[in-house]
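Raw contents of target05.cif, mmCIF, C-alpha atoms:
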data_structure
loop_
_atom_site.label_atom_id
_atom_site.label_comp_id
_atom_site.auth_asym_id
_atom_site.auth_seq_id
_atom_site.Cartn_x
_atom_site.Cartn_y
_atom_site.Cartn_z
CA MET A 1 -6.06 47.67 30.59
CA THR A 2 -8.04 45.77 33.17
CA GLY A 3 -10.30 47.22 35.83
CA MET A 4 -7.77 46.65 38.59
CA GLN A 5 -5.12 48.56 36.69
CA LEU A 6 -7.53 51.45 36.21
CA ILE A 7 -8.36 51.50 39.94
CA PHE A 8 -4.64 51.39 40.74
CA LEU A 9 -3.91 54.32 38.46
CA ILE A 10 -6.72 56.40 39.95
CA ALA A 11 -5.65 55.57 43.52
CA ALA A 12 -2.01 56.30 42.69
CA ALA A 13 -2.94 59.66 41.15
CA VAL A 14 -4.97 60.53 44.27
CA VAL A 15 -2.10 59.48 46.57
CA VAL A 16 0.59 61.39 44.70
CA SER A 17 -1.42 64.58 44.14
CA SER A 18 -2.75 64.78 47.70
CA ALA A 19 0.70 64.00 49.11
CA PHE A 20 2.07 66.85 47.00
CA MET A 21 -0.69 69.17 48.21
CA SER A 22 -0.11 68.20 51.84
CA VAL A 23 3.59 68.99 51.48
CA THR A 24 3.07 72.33 49.74
CA SER A 25 -0.15 73.80 51.15
CA ARG A 26 0.21 76.92 53.25
CA ARG A 27 -2.31 76.23 56.00
CA MET A 28 -1.38 73.33 58.23
CA ILE A 29 -4.99 72.21 58.68
CA HIS A 30 -5.36 71.89 54.88
CA ALA A 31 -2.11 69.94 54.79
CA ALA A 32 -3.48 67.58 57.44
CA LEU A 33 -6.70 67.01 55.47
CA TRP A 34 -4.77 66.34 52.24
CA PHE A 35 -2.65 63.94 54.30
CA VAL A 36 -5.83 62.06 55.30
CA LEU A 37 -6.77 61.73 51.61
CA ALA A 38 -3.30 60.38 50.79
CA LEU A 39 -3.62 57.81 53.59
CA LEU A 40 -7.00 56.67 52.29
CA GLY A 41 -5.46 56.27 48.84
CA VAL A 42 -2.71 54.13 50.33
CA ALA A 43 -5.42 52.01 51.99
CA VAL A 44 -6.93 51.46 48.51
CA ILE A 45 -3.48 50.38 47.28
CA TYR A 46 -3.29 47.85 50.14
CA ALA A 47 -6.73 46.53 49.22
CA LEU A 48 -5.52 46.09 45.61
CA LEU A 49 -2.57 44.08 46.97
CA GLU A 50 -5.20 41.81 48.62
CA VAL A 51 -3.80 42.51 52.08
CA SER A 52 -7.16 43.70 53.32
CA PHE A 53 -6.11 43.46 56.98
CA PHE A 54 -3.52 46.15 56.40
CA ALA A 55 -6.04 48.31 54.55
CA VAL A 56 -8.27 48.20 57.64
CA VAL A 57 -5.31 48.84 59.97
CA GLN A 58 -4.24 51.75 57.75
CA VAL A 59 -7.65 53.37 58.13
CA LEU A 60 -7.79 52.64 61.86
CA VAL A 61 -4.27 53.61 62.89
CA TYR A 62 -3.32 56.29 60.38
CA VAL A 63 -6.62 58.00 59.58
CA GLY A 64 -8.20 57.25 62.93
CA ALA A 65 -5.29 58.02 65.23
CA ILE A 66 -2.26 59.66 63.66
CA ALA A 67 -4.14 62.10 61.41
CA ILE A 68 -6.44 63.10 64.27
CA LEU A 69 -3.36 63.62 66.45
CA ILE A 70 -1.82 65.84 63.79
CA ILE A 71 -5.05 67.84 63.42
CA PHE A 72 -5.17 68.31 67.21
CA ALA A 73 -1.56 69.46 67.30
CA THR A 74 -2.29 71.86 64.44
CA MET A 75 -5.22 73.35 66.33
CA LEU A 76 -3.19 73.66 69.55
CA THR A 77 -0.35 75.45 67.76
CA ARG A 78 -2.36 77.54 65.36
CA ARG A 79 -1.74 81.07 64.17
CA ALA A 80 1.92 80.20 63.89
CA LEU A 81 3.33 80.71 60.38
CA GLU A 82 -0.06 80.70 58.76
CA ASP A 83 -0.55 83.87 56.78
CA HIS A 84 2.85 85.48 56.97
CA GLY A 85 6.27 84.37 55.87
CA LYS A 86 7.42 81.64 53.54
CA GLN A 87 6.49 78.06 54.20
CA PHE A 88 9.77 76.72 52.88
CA ASN A 89 13.32 77.40 53.99
CA ARG A 90 16.17 78.55 51.78
CA ALA A 91 17.13 75.06 50.66
CA THR A 92 14.07 74.55 48.43
CA LEU A 93 15.81 74.61 45.05
CA MET A 94 18.73 72.49 46.24
CA THR A 95 16.29 70.02 47.74
CA LEU A 96 14.34 69.80 44.48
CA VAL A 97 17.58 68.86 42.73
CA ILE A 98 18.48 66.27 45.38
CA VAL A 99 15.01 64.73 45.39
CA SER A 100 14.87 64.46 41.60
CA VAL A 101 18.32 62.87 41.53
CA ILE A 102 17.17 60.32 44.13
CA PHE A 103 13.99 59.59 42.16
CA ALA A 104 15.95 59.20 38.92
CA GLY A 105 18.31 56.83 40.70
CA LEU A 106 15.40 54.75 41.98
CA VAL A 107 13.80 54.58 38.52
CA PHE A 108 17.14 53.67 36.97
CA SER A 109 17.71 50.86 39.46
CA LEU A 110 14.17 49.59 38.77
CA ARG A 111 14.80 49.59 35.03
CA SER A 112 18.01 47.60 35.43
CA TRP A 113 16.00 44.70 36.86
CA PRO A 114 14.55 43.07 33.75
CA GLN A 115 12.34 40.35 35.27
CA LEU A 116 10.44 43.04 37.20
CA GLN A 117 8.40 43.94 34.12
CA SER A 118 6.71 40.56 33.89
CA MET A 119 6.33 39.78 37.59
CA THR A 120 2.80 38.99 38.73
CA ALA A 121 1.39 38.05 42.10
CA PRO A 122 0.92 34.37 42.95
CA LEU A 123 -2.69 33.36 42.95
CA SER A 124 -2.73 31.15 46.02
CA ALA A 125 -4.61 32.90 48.78
CA ASP A 126 -3.96 30.65 51.77
CA GLN A 127 -1.31 32.99 53.20
CA LEU A 128 -3.58 36.01 52.96
CA ASP A 129 -5.64 34.84 55.93
CA VAL A 130 -5.36 37.11 58.98
CA GLY A 131 -5.47 34.11 61.29
CA VAL A 132 -2.14 32.84 59.95
CA LEU A 133 -0.55 36.18 60.73
CA GLY A 134 -2.10 36.29 64.20
CA LEU A 135 -0.84 32.80 65.05
CA ALA A 136 2.64 33.69 63.77
CA LEU A 137 2.70 36.86 65.89
CA THR A 138 1.95 35.01 69.13
CA ALA A 139 3.81 31.73 68.52
CA PRO A 140 6.97 31.44 70.66
CA ASP A 141 8.94 30.08 67.69
CA GLY A 142 7.42 32.74 65.44
CA PHE A 143 7.42 36.45 66.09
CA ALA A 144 6.40 36.58 69.76
CA LEU A 145 9.58 38.38 70.85
CA PRO A 146 9.42 41.21 68.23
CA PHE A 147 5.72 41.54 68.99
CA GLU A 148 6.34 41.99 72.73
CA VAL A 149 9.25 44.37 72.12
CA THR A 150 6.96 46.42 69.89
CA SER A 151 4.29 46.61 72.58
CA ILE A 152 6.87 47.76 75.14
CA LEU A 153 8.01 50.43 72.67
CA LEU A 154 4.43 51.59 72.25
CA LEU A 155 3.92 51.73 76.03
CA ALA A 156 7.16 53.66 76.53
CA ALA A 157 6.22 56.13 73.78
CA LEU A 158 2.79 56.60 75.35
CA ILE A 159 4.16 57.34 78.82
CA GLY A 160 6.95 59.48 77.40
CA SER A 161 4.63 61.62 75.30
CA ILE A 162 2.27 62.16 78.25
CA TYR A 163 5.26 63.22 80.36
CA VAL A 164 6.65 65.56 77.69
CA ALA A 165 3.33 67.23 76.88
CA TYR A 166 2.23 67.52 80.53
CA GLU A 167 1.84 71.10 81.65
CA ARG A 168 3.86 71.53 84.82
CA LYS A 169 2.23 73.74 87.40
CA GLU A 170 5.37 75.19 88.95
CA LYS A 171 6.56 76.58 85.65
CA LYS A 172 3.47 78.66 85.09
CA LYS A 173 4.40 81.22 87.76
CA MET B 1 -2.77 41.99 36.84
CA ILE B 2 -0.84 44.98 38.09
CA PRO B 3 2.92 44.69 37.51
CA LEU B 4 5.13 44.91 40.60
CA TYR B 5 7.07 47.91 39.36
CA TRP B 6 3.94 50.08 39.34
CA TYR B 7 3.82 49.75 43.11
CA LEU B 8 7.55 50.43 43.37
CA LEU B 9 7.28 53.55 41.21
CA LEU B 10 4.37 54.85 43.29
CA ALA B 11 6.32 54.22 46.50
CA ALA B 12 9.42 55.94 45.07
CA LEU B 13 7.37 58.99 44.09
CA LEU B 14 5.66 59.14 47.50
CA PHE B 15 9.02 58.78 49.25
CA CYS B 16 10.54 61.60 47.22
CA ILE B 17 7.60 63.92 47.94
CA GLY B 18 7.94 63.12 51.64
CA LEU B 19 11.71 63.71 51.54
CA PHE B 20 11.16 67.08 49.88
CA GLY B 21 8.73 68.03 52.65
CA VAL B 22 11.04 66.88 55.43
CA ILE B 23 13.94 68.98 54.19
CA THR B 24 12.10 72.14 53.13
CA ARG B 25 9.13 72.52 55.48
CA LYS B 26 9.50 75.16 58.17
CA ASN B 27 6.52 74.07 60.24
CA ALA B 28 7.43 71.20 62.56
CA VAL B 29 3.97 69.61 62.17
CA GLY B 30 4.52 69.68 58.40
CA ILE B 31 7.82 67.87 58.85
CA LEU B 32 6.03 65.19 60.86
CA ILE B 33 3.37 64.78 58.12
CA SER B 34 6.13 64.34 55.54
CA ILE B 35 7.84 61.69 57.68
CA GLU B 36 4.58 59.77 57.85
CA LEU B 37 4.32 59.94 54.04
CA MET B 38 7.80 58.42 53.77
CA LEU B 39 6.88 55.63 56.19
CA ASN B 40 3.79 54.92 54.06
CA ALA B 41 5.99 54.63 50.97
CA ALA B 42 8.18 52.10 52.77
CA ASN B 43 5.07 50.14 53.79
CA ILE B 44 3.80 50.01 50.20
CA ASN B 45 7.17 48.65 49.10
CA LEU B 46 7.30 46.00 51.83
CA LEU B 47 3.74 44.80 51.25
CA ALA B 48 4.13 44.74 47.45
CA PHE B 49 7.35 42.71 47.65
CA TRP B 50 5.82 40.36 50.20
CA ARG B 51 2.68 39.83 48.10
CA TYR B 52 4.52 39.25 44.83
CA LEU B 53 7.50 37.22 46.02
CA TYR B 54 6.66 35.55 49.33
CA SER B 55 2.90 35.22 49.76
CA ASP B 56 2.91 31.62 48.48
CA THR B 57 5.90 30.45 50.54
CA GLY B 58 4.49 30.77 54.05
CA ASP B 59 7.08 33.39 54.95
CA LEU B 60 5.34 36.11 56.98
CA ARG B 61 8.31 38.35 57.74
CA GLY B 62 7.17 41.06 55.33
CA GLN B 63 3.81 41.42 57.05
CA VAL B 64 5.37 41.40 60.52
CA PHE B 65 7.79 44.11 59.41
CA VAL B 66 4.87 46.25 58.23
CA ILE B 67 3.07 45.81 61.56
CA ILE B 68 6.19 46.93 63.44
CA ILE B 69 6.49 49.98 61.16
CA PHE B 70 2.85 50.83 61.90
CA VAL B 71 3.55 50.75 65.63
CA VAL B 72 6.78 52.73 65.28
CA ALA B 73 4.96 55.35 63.18
CA ALA B 74 2.24 55.71 65.81
CA ALA B 75 4.80 56.00 68.61
CA GLU B 76 6.86 58.49 66.64
CA ALA B 77 3.81 60.64 65.86
CA ALA B 78 2.76 60.67 69.53
CA VAL B 79 6.21 61.59 70.86
CA GLY B 80 6.89 64.08 68.08
CA LEU B 81 3.60 65.93 68.53
CA ALA B 82 4.07 65.97 72.31
CA MET B 83 7.49 67.57 71.81
CA ILE B 84 6.06 70.11 69.35
CA ILE B 85 3.30 71.08 71.78
CA SER B 86 5.80 71.35 74.63
CA ALA B 87 8.12 73.52 72.52
CA TYR B 88 5.20 75.69 71.40
CA ARG B 89 4.23 76.24 75.02
CA GLN B 90 7.68 77.52 75.90
CA LYS B 91 8.63 79.45 72.76
CA GLN B 92 5.27 80.20 71.07
CA THR B 93 6.58 78.89 67.76
CA VAL B 94 6.46 75.75 65.65
CA VAL B 95 9.13 76.88 63.18
CA ALA B 96 11.86 74.25 63.27
CA ASN B 97 14.63 76.84 62.82
CA GLU B 98 13.56 78.85 65.84
CA ILE B 99 13.49 75.90 68.24
CA ASP B 100 17.23 76.06 68.84
CA SER B 101 17.67 75.70 72.61
CA MET B 102 20.18 72.89 72.09
CA LYS B 103 22.26 74.81 69.57
CA GLY B 104 25.90 74.95 70.66
#

Give the structure from this file in structure tokens form.
Amino acid sequence: MTGMQLIFLIAAAVVVSSAFMSVTSRRMIHAALWFVLALLGVAVIYALLEVSFFAVVQVLVYVGAIAILIIFATMLTRRALEDHGKQFNRATLMTLVIVSVIFAGLVFSLRSWPQLQSMTAPLSADQLDVGVLGLALTAPDGFALPFEVTSILLLAALIGSIYVAYERKEKKK
Amino acid sequence: MIPLYWYLLLAALLFCIGLFGVITRKNAVGILISIELMLNAANINLLAFWRYLYSDTGDLRGQVFVIIIFVVAAAEAAVGLAMIISAYRQKQTVVANEIDSMKG
């Protein structure tokens, strides 16, 4: 077992256990903090894949923005469902069955792909440069159109969420 | 080197945990956290496949797909949390079952 495999196993254990804790913990603020730990573990996984740009973006966008947003929403809606009542609805057992069947199906389909066991990453690193990706994102014959559509989506989501969350004065009476 | 199927197994496990949370969580913020976990699992899969199969061919579609998923996840979190806050303001609850204004 090489060092990279050991780091992968540790990061994977952190990701899976903290994801499990964030799904099952009773207090929402604890769930959000476990979620942050899971996201950092995923960033380590990206770094192991040698896509360091995405590791940085993961920390910036997920940990820096989305997790903070979730923590803010938790604080704004607190004292709901925290110490009383069950955290899960009636479908818990049924869902456990469904989820394990789906996981078994995924593992089975992975096992039926024999060349997967021996597959290793190519060593050439010229495509791992961020500049190549940046040029491809802005080139007209590359991905300029999806890139612009994505920015319009982000703008629309921004304006829409401000409009939805805006406290209207006339409704307060 | 790390075999490709390790990444795929990790992503499958993360996806299943997220799916469990989406279906069973009562708190709407918890549902949103679980959705983000599922999106992360999809991203791990896409980046692992891109790195192992396409990173020496000059094909960047895997990376572009991951960037778009990042943006969609951010947009979805913003809109979803805005809706949760708006619903909390009107009904004083974040339990997904009790937000049933659109129930027929």

Open item on the list: Take the PyMOL selection byres ((chain B) within 6 of (chain A)), run it mentally on this structure, and tell me the resulting residues as a PyMOL selection string.
Closed with: chain B and resi 2-3+16+21+24-26+52+55+75+79+82+86

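With distances restricted to all atoms listed in the file, A:Met75 is the closest residue to Val94 (chain B) from A:Met75, A:Val63, A:Ile10, A:Val56.
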
Task: Straight-line distance linking CA of Gly64 (chain A) with CA of Ala74 (chain B), stated in Å to one decimal - done: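 Straight-line distance from CA of Gly64 (chain A) to CA of Ala74 (chain B) works out to 10.9 Å.
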
- [ ] Mind giving me the straight-line distance from CA of Phe15 (chain B) to CA of Ala41 (chain B) in Å, one decimal?
- [x] 5.4 Å

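Relative to CA of Asn43 (chain B), CA of Phe53 (chain A) is found at 13.4 Å.
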
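Nearest residue to Tyr7 (chain B) among B:Leu81, B:Val95, B:Leu46, B:Ala87 is B:Leu46, counting only C-alpha atoms.
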
TODO: Find, counting all atoms listed in the file, the residue in A:Ala139, A:Leu37, A:Val59, A:Ser112 that gets nearest to Tyr5 (chain B).
DONE: A:Ser112

Open item on the list: Which residue is closest to Ala42 (chain B)? Choose from B:Ile85, B:Ala11, B:Leu4, B:Ala78 and count all atoms listed in the file.
Closed with: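 Ranking B:Ile85, B:Ala11, B:Leu4, B:Ala78 by distance to Ala42 (chain B), first place goes to B:Ala11.
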